[in-house]
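For reference, the structure discussed in these notes is given below.
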Amino acid sequence: MVYTLSRVGLFAVALAVLYLTGLRDLFWLLVAAFLISGLASYVLLSGQRDEVSKAIARRRESRGDR
């Protein structure tokens, strides 16, 4: 849940910064915010992403899934 909220927060920040810098076309604003937040989350949230994947793997192992 924290990882997802962090991703949404990064998207919102990127959207706000781009809007304030003058990007007003909605389509390009959303595309640019999506790309920037994706790159930022790849760098800034790598530790959280690793923890989420470990938790999923533990859950699958405990249920016996492959």
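Lettering and numbering for the structure tokens are positional, with chains as A, B, ... in the shown order, residues counted from 1 in each chain, and ligands counted from 1 in the shown order.
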Determine, counting only C-alpha atoms, which protein, DNA and RNA residues have an atom within 8 Å of an atom of segment 11-14 of chain A; residues of the same chain fewer than 5 positions away are not included. Present the result as a PyMOL selection string. chain A and resi 33-34+36-38
Excluding same-chain residues fewer than 4 positions from Leu15 of chain A, what lies within 12 Å of it counting only C-alpha atoms, as a ChimeraX atom specification? /A:8-11,19-37
Residues from the last selection, N, CA and C atoms, saved as a JSON list (two decimals), in the first residue's frame:
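Final output, saved to selection.json:
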[["chain", "number", "residue", "atom", "x", "y", "z"],
["A", 8, "VAL", "N", 1.70, 7.12, -6.64],
["A", 8, "VAL", "CA", 0.67, 8.12, -6.92],
["A", 8, "VAL", "C", 1.16, 9.50, -6.52],
["A", 9, "GLY", "N", 1.84, 9.58, -5.39],
["A", 9, "GLY", "CA", 2.38, 10.86, -4.93],
["A", 9, "GLY", "C", 3.41, 11.43, -5.89],
["A", 10, "LEU", "N", 4.30, 10.58, -6.40],
["A", 10, "LEU", "CA", 5.28, 11.04, -7.38],
["A", 10, "LEU", "C", 4.60, 11.53, -8.65],
["A", 11, "PHE", "N", 3.55, 10.83, -9.08],
["A", 11, "PHE", "CA", 2.81, 11.27, -10.26],
["A", 11, "PHE", "C", 2.18, 12.64, -10.02],
["A", 19, "TYR", "N", 2.69, 21.37, -14.69],
["A", 19, "TYR", "CA", 1.62, 22.35, -14.89],
["A", 19, "TYR", "C", 2.12, 23.75, -14.54],
["A", 20, "LEU", "N", 2.82, 23.86, -13.43],
["A", 20, "LEU", "CA", 3.32, 25.16, -12.99],
["A", 20, "LEU", "C", 4.41, 25.71, -13.90],
["A", 21, "THR", "N", 5.10, 24.82, -14.61],
["A", 21, "THR", "CA", 6.14, 25.29, -15.54],
["A", 21, "THR", "C", 5.57, 25.65, -16.90],
["A", 22, "GLY", "N", 4.26, 25.48, -17.08],
["A", 22, "GLY", "CA", 3.63, 25.97, -18.30],
["A", 22, "GLY", "C", 3.06, 24.93, -19.24],
["A", 23, "LEU", "N", 3.20, 23.65, -18.93],
["A", 23, "LEU", "CA", 2.63, 22.62, -19.79],
["A", 23, "LEU", "C", 1.13, 22.53, -19.48],
["A", 24, "ARG", "N", 0.31, 22.99, -20.40],
["A", 24, "ARG", "CA", -1.13, 23.08, -20.14],
["A", 24, "ARG", "C", -1.97, 22.11, -20.96],
["A", 25, "ASP", "N", -1.41, 21.57, -22.04],
["A", 25, "ASP", "CA", -2.16, 20.61, -22.86],
["A", 25, "ASP", "C", -2.34, 19.33, -22.05],
["A", 26, "LEU", "N", -3.58, 18.93, -21.81],
["A", 26, "LEU", "CA", -3.87, 17.83, -20.90],
["A", 26, "LEU", "C", -3.21, 16.52, -21.32],
["A", 27, "PHE", "N", -3.29, 16.20, -22.60],
["A", 27, "PHE", "CA", -2.70, 14.94, -23.07],
["A", 27, "PHE", "C", -1.20, 14.90, -22.79],
["A", 28, "TRP", "N", -0.47, 15.92, -23.21],
["A", 28, "TRP", "CA", 0.98, 15.94, -23.03],
["A", 28, "TRP", "C", 1.36, 16.10, -21.57],
["A", 29, "LEU", "N", 0.53, 16.78, -20.81],
["A", 29, "LEU", "CA", 0.77, 16.91, -19.37],
["A", 29, "LEU", "C", 0.73, 15.54, -18.71],
["A", 30, "LEU", "N", -0.29, 14.75, -19.02],
["A", 30, "LEU", "CA", -0.42, 13.41, -18.43],
["A", 30, "LEU", "C", 0.69, 12.48, -18.91],
["A", 31, "VAL", "N", 1.01, 12.53, -20.20],
["A", 31, "VAL", "CA", 2.08, 11.68, -20.73],
["A", 31, "VAL", "C", 3.42, 12.00, -20.08],
["A", 32, "ALA", "N", 3.75, 13.27, -20.03],
["A", 32, "ALA", "CA", 5.03, 13.68, -19.43],
["A", 32, "ALA", "C", 5.08, 13.34, -17.94],
["A", 33, "ALA", "N", 4.00, 13.57, -17.22],
["A", 33, "ALA", "CA", 3.97, 13.26, -15.79],
["A", 33, "ALA", "C", 4.11, 11.76, -15.56],
["A", 34, "PHE", "N", 3.47, 10.98, -16.42],
["A", 34, "PHE", "CA", 3.58, 9.52, -16.31],
["A", 34, "PHE", "C", 5.02, 9.06, -16.52],
["A", 35, "LEU", "N", 5.67, 9.59, -17.55],
["A", 35, "LEU", "CA", 7.05, 9.20, -17.84],
["A", 35, "LEU", "C", 8.02, 9.65, -16.74],
["A", 36, "ILE", "N", 7.87, 10.88, -16.31],
["A", 36, "ILE", "CA", 8.77, 11.41, -15.27],
["A", 36, "ILE", "C", 8.58, 10.67, -13.95],
["A", 37, "SER", "N", 7.33, 10.45, -13.57],
["A", 37, "SER", "CA", 7.09, 9.75, -12.31],
["A", 37, "SER", "C", 7.55, 8.29, -12.39]]
What's the separation between atom CA of Tyr3 of chain A and atom CA of Asp50 of chain A, in Å to one decimal place? 10.2 Å
So how far away is atom CA of Ala40 of chain A from atom CA of Leu5 of chain A, in Å?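 Atom-to-atom, atom CA of Leu5 of chain A to atom CA of Ala40 of chain A, that is 14.0 Å.
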Quick one: DSSP helix (DSSP H, G or I) residues in segment 8-66 of chain A, as number ranges by chain? A: 8-20, 26-44, 46-63
For Ser46 of chain A, which of A:Gly64, A:Ser6, A:Arg59, A:Met1 is the closest residue, counting only C-alpha atoms?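 Using only C-alpha atoms, Ser46 of chain A sits closest to A:Ser6.
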Please compute the atom CA of Val2 of chain A-atom CA of Leu45 of chain A distance, one decimal, in Å. 10.4 Å
